[in-house]
>>> print(open('my_file.tsv').read())   # TSV, C-alpha atoms and all ligand atoms
chain	number	residue	atom	x	y	z
A	34	MET	CA	139.98	96.59	56.15
A	35	LYS	CA	138.69	99.44	54.08
A	36	TYR	CA	135.37	97.68	53.78
A	37	LEU	CA	135.23	97.06	57.53
A	38	ALA	CA	136.01	100.72	58.23
A	39	LYS	CA	133.18	101.76	55.93
A	40	VAL	CA	130.77	99.38	57.62
A	41	SER	CA	131.82	100.70	61.05
A	42	LEU	CA	131.30	104.27	59.89
A	43	CYS	CA	127.86	103.40	58.57
A	44	LEU	CA	126.92	101.72	61.81
A	45	LEU	CA	128.18	104.70	63.76
A	46	LEU	CA	126.18	107.09	61.63
A	47	LEU	CA	123.07	104.98	61.98
A	48	LEU	CA	123.36	104.63	65.71
A	49	ALA	CA	124.98	107.86	66.80
A	50	CYS	CA	123.31	110.42	64.58
A	51	PRO	CA	119.67	109.75	65.45
A	52	LEU	CA	120.63	109.70	69.14
A	53	GLN	CA	122.40	113.03	68.75
A	54	VAL	CA	119.40	114.51	67.00
A	55	LEU	CA	117.09	113.23	69.71
A	56	ALA	CA	119.31	114.60	72.49
A	57	ALA	CA	119.61	117.98	70.79
A	58	GLY	CA	115.84	118.35	70.50
A	59	ALA	CA	114.86	117.06	73.93
A	60	ASP	CA	115.30	119.67	76.62
A	61	SER	CA	114.14	123.26	76.75
A	62	VAL	CA	116.34	125.96	78.26
A	63	CYS	CA	114.84	128.89	80.16
A	64	TYR	CA	116.50	132.27	80.64
A	65	GLY	CA	115.96	135.07	83.15
A	66	THR	CA	112.82	135.27	85.26
A	67	THR	CA	109.10	134.79	84.76
A	68	SER	CA	108.69	138.57	84.36
A	69	ASN	CA	111.78	139.17	82.22
A	70	GLY	CA	112.97	136.14	80.33
A	71	PHE	CA	112.76	133.89	77.31
A	72	LEU	CA	112.77	130.24	76.36
A	73	LYS	CA	114.65	128.03	73.91
A	74	LYS	CA	113.23	124.80	72.47
A	75	GLY	CA	109.83	125.38	74.07
A	76	VAL	CA	107.29	122.58	73.65
A	77	ALA	CA	103.50	122.73	73.40
A	78	LEU	CA	101.23	121.22	76.03
A	79	PRO	CA	99.14	118.34	74.61
A	80	LYS	CA	96.01	119.53	72.76
A	81	GLU	CA	93.91	117.13	74.77
A	82	GLY	CA	94.16	114.20	77.15
A	83	GLU	CA	92.14	111.54	78.94
A	84	ASN	CA	91.01	113.94	81.69
A	85	PHE	CA	92.06	117.38	80.49
A	86	GLN	CA	91.61	119.93	77.73
A	87	PRO	CA	92.89	123.43	76.90
A	88	PHE	CA	90.80	126.51	77.74
A	89	SER	CA	90.78	127.59	74.12
A	90	SER	CA	91.63	125.80	70.89
A	91	LEU	CA	92.23	129.22	69.34
A	92	ALA	CA	94.92	129.97	71.94
A	93	VAL	CA	96.50	126.58	71.17
A	94	PHE	CA	96.39	127.38	67.44
A	95	LEU	CA	97.97	130.78	68.08
A	96	GLY	CA	100.84	129.13	69.96
A	97	ARG	CA	100.02	130.50	73.43
A	98	THR	CA	100.40	127.15	75.23
A	99	TYR	CA	104.14	126.50	74.92
A	100	ILE	CA	106.21	125.63	77.96
A	101	HIS	CA	109.56	124.30	79.23
A	102	SER	CA	109.89	120.56	78.49
A	103	THR	CA	110.35	119.72	82.20
A	104	VAL	CA	107.15	121.62	83.05
A	105	LYS	CA	105.32	119.71	80.31
A	106	ALA	CA	106.47	116.43	81.88
A	107	ILE	CA	105.27	117.63	85.31
A	108	VAL	CA	101.88	118.81	84.03
A	109	THR	CA	101.14	115.64	82.07
A	110	GLY	CA	102.46	113.44	84.90
A	111	ALA	CA	100.12	115.13	87.39
A	112	TYR	CA	97.16	114.64	85.03
A	113	GLY	CA	98.10	110.96	84.89
A	114	ASN	CA	98.01	110.70	88.70
A	115	LEU	CA	94.68	112.52	88.82
A	116	ALA	CA	93.19	110.16	86.20
A	117	LYS	CA	94.06	107.22	88.47
A	118	GLN	CA	92.91	108.78	91.75
A	119	PHE	CA	89.91	110.73	90.45
A	120	PRO	CA	88.80	109.09	87.18
A	121	ASP	CA	85.56	111.13	87.07
A	122	LYS	CA	87.20	114.55	87.36
A	123	VAL	CA	87.96	116.74	84.37
A	124	PHE	CA	90.49	119.56	84.19
A	125	VAL	CA	91.13	122.57	81.98
A	126	TYR	CA	94.49	124.23	81.59
A	127	GLY	CA	94.89	127.92	80.77
A	128	GLU	CA	97.57	129.97	79.15
A	129	THR	CA	101.31	129.25	79.40
A	130	GLY	CA	103.47	131.20	76.96
A	131	TRP	CA	105.07	131.54	73.53
A	132	LYS	CA	107.46	128.97	72.07
A	133	GLU	CA	110.34	131.43	72.49
A	134	GLY	CA	108.94	133.00	75.67
A	135	GLY	CA	108.97	136.78	76.17
A	136	GLU	CA	106.05	139.10	76.83
A	137	ILE	CA	102.60	137.62	76.38
A	138	TYR	CA	99.83	140.16	76.90
A	139	PRO	CA	97.97	140.50	79.28
A	140	HIS	CA	100.18	138.45	81.63
A	141	LYS	CA	102.85	140.15	83.69
A	142	THR	CA	104.85	136.94	83.91
A	143	HIS	CA	104.72	133.72	81.78
A	144	GLN	CA	107.93	134.82	80.01
A	145	ASN	CA	110.37	131.93	80.41
A	146	GLY	CA	108.29	128.77	80.13
A	147	THR	CA	107.97	128.07	83.84
A	148	SER	CA	104.47	129.56	84.48
A	149	VAL	CA	101.19	127.74	83.90
A	150	ASP	CA	97.59	128.85	84.48
A	151	PHE	CA	95.10	126.14	85.39
A	152	MET	CA	91.38	126.90	85.28
A	153	VAL	CA	89.61	125.78	88.45
A	154	PRO	CA	87.90	122.37	88.30
A	155	VAL	CA	84.16	122.76	88.87
A	156	VAL	CA	81.10	120.63	89.61
A	157	ASP	CA	77.56	121.28	88.40
A	158	LYS	CA	74.34	121.26	90.46
A	159	GLN	CA	74.35	117.46	90.52
A	160	GLY	CA	77.93	117.39	91.78
A	161	LYS	CA	79.25	116.13	88.44
A	162	SER	CA	82.71	117.30	87.38
A	163	VAL	CA	82.40	119.43	84.22
A	164	PRO	CA	84.93	121.53	82.28
A	165	LEU	CA	84.83	125.23	83.14
A	166	PRO	CA	82.74	126.87	80.40
A	167	THR	CA	85.16	128.92	78.33
A	168	SER	CA	84.25	130.99	75.30
A	169	VAL	CA	85.01	134.26	73.60
A	170	PHE	CA	82.14	135.79	75.65
A	171	ASN	CA	83.87	135.27	79.00
A	172	LYS	CA	87.45	135.85	77.84
A	173	PHE	CA	87.86	132.10	77.57
A	174	GLY	CA	86.98	131.63	81.22
A	175	TYR	CA	89.27	134.33	82.60
A	176	ASN	CA	86.33	136.71	83.08
A	177	LEU	CA	84.18	134.41	85.24
A	178	GLU	CA	83.62	135.69	88.77
A	179	PHE	CA	83.17	133.21	91.59
A	180	ASP	CA	81.73	134.40	94.91
A	181	LYS	CA	83.39	133.97	98.30
A	182	ASN	CA	81.95	130.45	98.56
A	183	GLY	CA	83.40	129.48	95.20
A	184	LYS	CA	80.06	129.59	93.38
A	185	TYR	CA	79.23	130.96	89.94
A	186	GLU	CA	75.67	130.42	88.71
A	187	ASN	CA	75.10	126.65	88.92
A	188	LEU	CA	78.80	125.81	89.18
A	189	THR	CA	80.92	125.38	92.32
A	190	ILE	CA	84.69	125.17	92.52
A	191	ASP	CA	85.73	121.58	93.24
A	192	PHE	CA	88.20	122.45	96.00
A	193	GLU	CA	89.11	118.81	96.67
A	194	ALA	CA	90.03	118.25	93.01
A	195	LEU	CA	91.91	121.56	92.91
A	196	ALA	CA	93.92	120.69	96.03
A	197	ALA	CA	94.68	117.22	94.64
A	198	HIS	CA	95.81	118.81	91.37
A	199	ILE	CA	98.26	121.12	93.17
A	200	TYR	CA	99.41	118.23	95.39
A	201	PHE	CA	100.21	116.00	92.40
A	202	LEU	CA	101.90	118.87	90.53
A	203	ASN	CA	104.19	119.29	93.52
A	204	GLU	CA	104.83	115.55	93.87
A	205	THR	CA	105.61	115.16	90.17
A	206	ALA	CA	107.80	118.28	90.23
A	207	ARG	CA	109.77	116.83	93.14
A	208	LYS	CA	110.25	113.59	91.22
A	209	GLN	CA	111.74	115.71	88.42
A	210	LYS	CA	114.10	117.16	91.06
A	211	VAL	CA	112.50	120.60	90.83
A	212	GLY	CA	109.55	122.01	92.72
A	213	ILE	CA	106.84	124.65	92.78
A	214	GLN	CA	108.07	128.17	93.37
A	215	ARG	CA	104.66	129.67	94.15
A	216	VAL	CA	100.94	129.33	93.63
A	217	ILE	CA	98.61	132.29	93.15
A	218	PHE	CA	94.97	131.81	94.11
A	219	ASP	CA	92.38	134.24	95.47
A	220	PRO	CA	93.23	134.59	99.21
A	221	ARG	CA	89.49	134.73	100.01
A	222	LEU	CA	89.08	131.23	98.59
A	223	GLN	CA	92.29	129.72	99.97
A	224	PRO	CA	90.72	128.68	103.34
A	225	LEU	CA	88.22	126.52	101.42
A	226	LEU	CA	91.12	124.88	99.59
A	227	PHE	CA	93.13	124.18	102.78
A	228	LYS	CA	90.08	122.60	104.44
A	229	THR	CA	90.09	119.66	102.04
A	230	LYS	CA	91.95	116.36	102.49
A	231	TYR	CA	94.66	117.22	99.95
A	232	GLY	CA	94.59	120.89	100.92
A	233	ARG	CA	95.74	120.02	104.45
A	234	LYS	CA	98.84	118.44	102.89
A	235	LEU	CA	99.61	121.71	101.09
A	236	LYS	CA	99.25	124.26	103.86
A	237	GLY	CA	102.64	125.53	105.03
A	238	LYS	CA	104.46	123.39	102.46
A	239	LEU	CA	103.90	125.52	99.39
A	240	LYS	CA	104.19	129.26	98.94
A	241	PHE	CA	100.78	130.82	98.28
A	242	ASN	CA	100.11	134.54	97.79
A	243	SER	CA	98.79	136.19	100.93
A	244	LYS	CA	97.44	139.30	99.16
A	245	GLN	CA	95.17	139.69	96.17
A	246	ALA	CA	97.25	139.56	92.96
A	247	TRP	CA	97.04	142.22	90.22
A	248	VAL	CA	93.99	140.40	88.86
A	249	ARG	CA	91.70	138.29	91.00
A	250	HIS	CA	92.69	134.63	90.64
A	251	ASP	CA	89.35	133.00	91.39
A	252	GLU	CA	88.61	131.28	88.07
A	253	HIS	CA	92.19	130.07	87.66
A	254	ILE	CA	95.33	129.41	89.64
A	255	HIS	CA	98.77	130.49	88.51
A	256	VAL	CA	101.71	128.18	89.19
A	257	ASP	CA	105.41	129.01	88.79
A	258	PHE	CA	107.68	125.97	88.71
A	259	ALA	CA	111.16	126.21	90.25
A	260	ILE	CA	113.11	125.27	87.13
A	261	PRO	CA	116.77	126.32	87.15
A	262	CYS	CA	117.19	128.94	84.40
A	263	GLN	CA	120.20	130.56	82.73
A	264	LYS	CA	121.00	134.22	83.28
A	265	MET	CA	119.82	136.63	80.62
A	266	LYS	CA	122.52	137.26	78.01
B	1	ZN	ZN	99.27	133.26	85.13
>>> encode(input="my_file.tsv", output="structure tokens")
Amino acid sequence: MKYLAKVSLCLLLLLACPLQVLAAGADSVCYGTTSNGFLKKGVALPKEGENFQPFSSLAVFLGRTYIHSTVKAIVTGAYGNLAKQFPDKVFVYGETGWKEGGEIYPHKTHQNGTSVDFMVPVVDKQGKSVPLPTSVFNKFGYNLEFDKNGKYENLTIDFEALAAHIYFLNETARKQKVGIQRVIFDPRLQPLLFKTKYGRKLKGKLKFNSKQAWVRHDEHIHVDFAIPCQKMK
């Protein structure tokens, strides 16, 4: 009997402990709001993918692309949908936040792991989807200025791809039983977004800013996901 008890204990330890460890490390917990909050067990967005890349490998290295685990699942799920529907399109994500959340200069929000910046998808003169050029000389893309038609030098915002990206983020978020709280995008450019096939599916369904935000959001969109968070302690 003693032997059997020992064997049972061993089996329990083998089976139960790794499961416990996995469960303990799986889900992030967000606290407070996007402008006053923090994050526990934050996870990093993937460094690269089939159809996407970060805006700056330095920012990744510095730990500025951490996020809530549910948001990570939404973001990567949406990229998966886009790869199937638009295999020739490439996407660039921007800044998210610190592993533990909190203030992340120069953002006013991005504090509790539920905010993500996505750089706008663009096409070149030939209509080919190319990553937004990001370097230290243009504040890693954040300093680029698109005109009212969505043009910057030989690049044009790919409004169809951008609308599809937002659409699939919302669909994937809904599958995760959450949603999108709001999207910030330059109001001057929003009509061009809503004109597209996927854009028509977004209008009136998602909350977009009606006024210009504190910085012009023409080279990137800001998305807050409606993840239930704990109150600040
Ligand atoms: Zn942002």
>>> closest_residue(input="my_file.tsv", among="A:Val104, A:Cys63, A:Ile260, A:Met152", to="ligand ZN 1 (chain B)", atoms="all atoms listed in the file")
A:Met152
>>> closest_atom_pairs(input="my_file.tsv", of="chain A", to="ligand ZN 1 (chain B)", cutoff="8 Å", atoms="all atoms listed in the file", output="CSV")
residue,atom,partner,partner_atom,distance
A:Glu128,CA,B:ZN1,ZN,7.0
A:Thr129,CA,B:ZN1,ZN,7.3
A:His140,CA,B:ZN1,ZN,6.3
A:Lys141,CA,B:ZN1,ZN,7.9
A:Thr142,CA,B:ZN1,ZN,6.8
A:His143,CA,B:ZN1,ZN,6.4
A:Ser148,CA,B:ZN1,ZN,6.4
A:Val149,CA,B:ZN1,ZN,6.0
A:Asp150,CA,B:ZN1,ZN,4.8
A:Ile254,CA,B:ZN1,ZN,7.1
A:His255,CA,B:ZN1,ZN,4.4
A:Val256,CA,B:ZN1,ZN,6.9
>>> atom_distance(input="my_file.tsv", atom1="CA of Lys161 (chain A)", atom2="CA of Glu204 (chain A)")
26.2 Å
>>> closest_residue(input="my_file.tsv", among="A:Thr189, A:Thr98, A:Gln214, A:Gln223", to="Phe258 (chain A)", atoms="only C-alpha atoms")
A:Gln214
>>> closest_residue(input="my_file.tsv", among="A:Pro139, A:Gly232, A:Phe179, A:Lys132", to="His253 (chain A)", atoms="only C-alpha atoms")
A:Phe179
>>> atom_distance(input="my_file.tsv", atom1="CA of Cys262 (chain A)", atom2="CA of Tyr64 (chain A)")
5.1 Å
>>> residues_around(input="my_file.tsv", residues="Gly135 (chain A)", least_positions_apart="5", cutoff="8 Å", atoms="only C-alpha atoms", output="list in words")
Asn69, Gly70, Phe71, Leu72, Gly130, His143, Gln144 and Asn145 of chain A
>>> write_last_selection(input="my_file.tsv", atoms="C-alpha atoms", output="compact mmCIF listing (two decimals), in the frame of the given file")
# COMPACT_ATOMS: atom_id res chain seq x y z
CA ASN A 69 111.78 139.17 82.22
CA GLY A 70 112.97 136.14 80.33
CA PHE A 71 112.76 133.89 77.31
CA LEU A 72 112.77 130.24 76.36
CA GLY A 130 103.47 131.20 76.96
CA HIS A 143 104.72 133.72 81.78
CA GLN A 144 107.93 134.82 80.01
CA ASN A 145 110.37 131.93 80.41
>>> residues_around(input="my_file.tsv", residues="Gly212 (chain A)", least_positions_apart="4", cutoff="9 Å", atoms="only C-alpha atoms", output="ChimeraX atom specification")
/A:202-208,258-260
